[in-house]
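What follows is a single structure, written as structure tokens, with notes after it.
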Amino acid sequence: MSEKIAIIGAGIGGLTLALALEKKGIDFHLYEQANSFEALGYGLQLSPNVVRVLQNLGMSKNLEAISHRCFGFELRSFEGDRTLAQWKLDSDTPYYQCRRADLHQLLYNSLQNKHSISFAQKLTSYRVEGEEITLNFAHQDLVKSHALVGADGVRSPVRQTLFPQEKPQYAGYAAYRAILPFKAEYNPLMDKATVWMGENHHVVAYPNGNQNPWLNLVLVVKDSQWHQQGWTIPADKQEIAQSFKNKSKLLNTILTDLVSNPEPCYKWGLFDHQPLPFWTQGKITLLGDSAHPLLPFQAQGAAMAMEDAYILAHCIAQETSIQTAFVKYQHLRLKRTAKVQQTSRNNANIFHATGIKAMVRDMGLGLISLVNGQLLNQKTAWIYNYDPIKLVNI
Ligand SMILES: Cc1cc2nc3c(=O)[nH]c(=O)nc-3n(C[C@H](O)[C@H](O)[C@H](O)COP(=O)(O)OP(=O)(O)OC[C@H]3O[C@@H](n4cnc5c(N)ncnc54)[C@H](O)[C@@H]3O)c2cc1C
């Protein structure tokens with residue numbers, strides 16, 4: 001395909017698309033609003049479905065070097081130190097936990113031609129003129145392109161132009177993100193992802209990084225209103241410890257450490273929106289959070305963005321026109337991403353259950369654990385066993 005593609009956004013999704021296109025020798029240019037490359041963020045869980053993508057893009061060794069390997073999962077309660085359920089991951093492909101900044105940097109470093117990215121380019125609008133798309137950037141000259149991919153995140157200006165009525169909605173949850181240096185008391189949390197569930201609260205904890213690991217924490221609370229001006233604000237750690245009061249000795253140790261640790265802790269309002277009916281219009285399409293923002297309760301937002309990118313690059317390489325490539329990509333991705341969006345929402349209800357629902361949940365988990373904890377793998381098999389490489393090679 002000889003048409004030049006403009007990608008907006010050098011986040012996890014945009015960079016993965018750039019890398020996949022570069023490997024196929026397809027012409028593109030990536031525009032990012034930040035002034036320079038900034039690797040940001042705390043932890044990311046990378047399940048086997050997305051590890052397959054990264055391995056296929058040639059990153060196996062480097063990915064292993066920045067990651068901690070997760071072998072299983074554990075569910076606990078705010079009511080004490082009893083484990084409600086634990087199971088081992090059933091997959092030959094690894095499940096990794098790393099720092100988002102390390103993965104972001106790895107994607108950037110893997111891109112051979114750094115001239116294919118322009119920083120300090122904030123897209124303000126675009127218009128379609130015949131076969132061309134004119135892109136307007138703040139403080140820059142106009143740019144012409146043949147196709148446009150919005151990989152520009154949950155507040156995507158590309159999506160806002162395609163769907164002016166569709167606005168991301170506050171989902172009713174606030175999340176605090178923090179990291180702590182890993183220490184001996186946290187050893188029961190090694191090699192797995194642990195979730196503590198309490199009334200209207202849950203906490204996810206997992207080690208990340210390879211050498212000198214950190215404990216990554218995501219603390220989520222049901223919070224009906226988001227009054228803040230921004231989407232991310234510095235958090236009051238004493239307030240967090242108070243809000244997440246519980247009867248688990250280990251979780252209380254973590255909360256005490258969180259308060260005394262100098263690392264900053266941020267509060268995020270969680271936003272999502274209903275699945276869109278389509279993402280593609282002619283030579284314009286969406287990818288990652290701009291197409292399908294996800295609540296983080298199945299740890300799949302970045303994974304879906306990278307699966308999208310891998311499959312989109314293949315469609316572009318296989319099809320003779322950009323329009324058919326974009327339609328094929330959308331066809332392959334809409335149903336799966338909508339189902340993952342819904343699953344993430346459902347998980348919030350399970351994690352935050354109260355009263356009788358919480359009792360039934362805990363008894364059910366106890367029973368499954370007693371009979372065969374491995375059965376819990378079946379719940380996520382459709383997500384983790386998905387193989388984008390096989391899919392595009394059929
Ligand atoms: C608490 C929390 C925990 C999470 N944990 C996980 C996890 O464990 N595993 C997982 O897979 N996912 C996780 N996620 C989700 C994941 O972080 C996101 O889904 C993922 O980063 C989306 O990638 P993206 O490339 O689509 O968007 P983004 O990473 O948001 O990138 C968008 C890029 O576009 C740029 N941009 C925006 N507007 C413009 C413009 N006008 N012009 C130019 N550039 C622009 C931005 O600067 C940015 O660089 C979590 C999310 C949260 C909130």
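Starting from 1 in every chain, residues are counted up; chains themselves are A, B, ... following the order of the structure tokens, and ligands are numbered from 1 as listed.
Of the residues in stretch 131-215 of chain A, those that DSSP places in alpha helix (DSSP H) on the basis of the backbone are Pro157, Val158, Arg159, Gln160, Thr161 and Leu162 of chain A.
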**Item:** Selection as a PyMOL selection string: residues within 6 Å of ligand 1 by only C-alpha atoms and all ligand atoms
**Value:** chain A and resi 8-14+31-34+44-46+121-124+151-153+156-157+175+218+288-290+296+299-303+305
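For A:Asn385, the list of residues within 10 Å, based on only C-alpha atoms and with local chain neighbours fewer than 5 positions off taken out, reads Ser47, Pro48, Asn49, Val50, Arg52, Asp90, Ser91, Asp92, Thr93 and Thr380 of chain A.
Residues with any atom within 12 Å of A:Lys335, counting only C-alpha atoms and excluding same-chain neighbours fewer than 4 positions away, are A:Pro275, A:Leu276, A:Pro277, A:Phe278, A:Trp279, A:His292, A:Met304, A:Tyr329, A:Gln330, A:His331, A:Lys339, A:Val340, A:Gln341, A:Gln342.
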**Message:** With only C-alpha atoms as the counted atoms, please give the residues lying no more than 12 Å from stretch 255-260 of chain A, apart from itself and same-chain residues fewer than 5 positions off, as a PyMOL selection string.
**Reply:** chain A and resi 176-183+185-186+203+205+215-219+235-250+265-266
Output C-alpha atoms for every residue in that selection, as a compact mmCIF listing (two decimals), in the first residue's frame.
```
# COMPACT_ATOMS: atom_id res chain seq x y z
CA TYR A 176 -5.45 5.61 43.40
CA ARG A 177 -2.20 4.41 41.86
CA ALA A 178 0.96 3.98 43.93
CA ILE A 179 4.18 1.99 44.09
CA LEU A 180 6.24 0.86 47.08
CA PRO A 181 9.73 -0.68 47.20
CA PHE A 182 9.21 -4.44 47.53
CA LYS A 183 10.09 -5.82 50.97
CA GLU A 185 6.64 -8.73 54.30
CA TYR A 186 5.16 -8.58 50.80
CA VAL A 203 -7.19 -3.18 45.97
CA ALA A 205 -1.39 -5.56 44.26
CA LEU A 215 4.89 -3.44 44.65
CA ASN A 216 2.36 -1.88 42.33
CA LEU A 217 -0.94 -0.84 43.88
CA VAL A 218 -4.26 0.17 42.36
CA LEU A 219 -6.84 1.10 45.01
CA ALA A 235 -4.01 12.20 46.54
CA ASP A 236 -4.06 12.61 50.33
CA LYS A 237 -2.51 9.37 51.59
CA GLN A 238 -4.01 9.63 55.10
CA GLU A 239 -7.44 9.85 53.50
CA ILE A 240 -6.71 6.73 51.45
CA ALA A 241 -5.68 4.74 54.53
CA GLN A 242 -8.87 5.88 56.27
CA SER A 243 -11.11 5.07 53.29
CA PHE A 244 -9.61 1.59 52.76
CA LYS A 245 -9.91 0.49 56.44
CA ASN A 246 -9.91 -3.32 56.63
CA LYS A 247 -9.12 -6.33 58.83
CA SER A 248 -6.28 -7.83 56.78
CA LYS A 249 -2.89 -7.57 58.50
CA LEU A 250 -0.99 -7.59 55.19
CA CYS A 265 0.18 8.80 44.87
CA TYR A 266 -2.39 10.00 42.33
```
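For the residues A:Phe297, A:Trp87, A:Tyr42, A:Tyr170, ranking by smallest atom-to-atom distance to A:Gln225 using only C-alpha atoms places A:Tyr170 first.
With distances restricted to only C-alpha atoms, A:Lys167 is the closest residue to A:Gln274 from A:Phe28, A:Lys167, A:Leu287, A:Leu376.
Minimum atom-to-atom distances from A:Ile284, A:Ala20, A:Met363, A:Met190 to A:Leu57 were compared using only C-alpha atoms, and the lowest value belongs to A:Ala20.
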**Request:** Quick one: pull the distance between atom CA of A:Lys283 and atom CA of A:Tyr126, Å, one decimal.
**Result:** 12.2 Å
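Taking atom CA of A:Gln298 and atom CA of A:Ala18 as the two end points, the separation is 25.6 Å.
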**Message:** For the strand (DSSP E or B) assignment from backbone DSSP, which residues of stretch 124-291 of chain A qualify? Please present them as a ChimeraX atom specification.
**Reply:** /A:124-129,132-137,143-145,147-150,169-181,192-198,201-208,214-222,232-234,266-272,281,284-286
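Considering the residues A:Gln55, A:Gln86, A:Thr16, A:Asn136 and counting only C-alpha atoms, A:Leu370 has its shortest atom-to-atom contact with A:Gln86.
Going from atom CA of A:Glu22 to atom CA of A:Ser116 covers 9.4 Å.
Proximity ranking of A:Pro213, A:Gly172, A:Pro164, A:Gly130 relative to A:Gly43 places A:Pro213 first, based on only C-alpha atoms.
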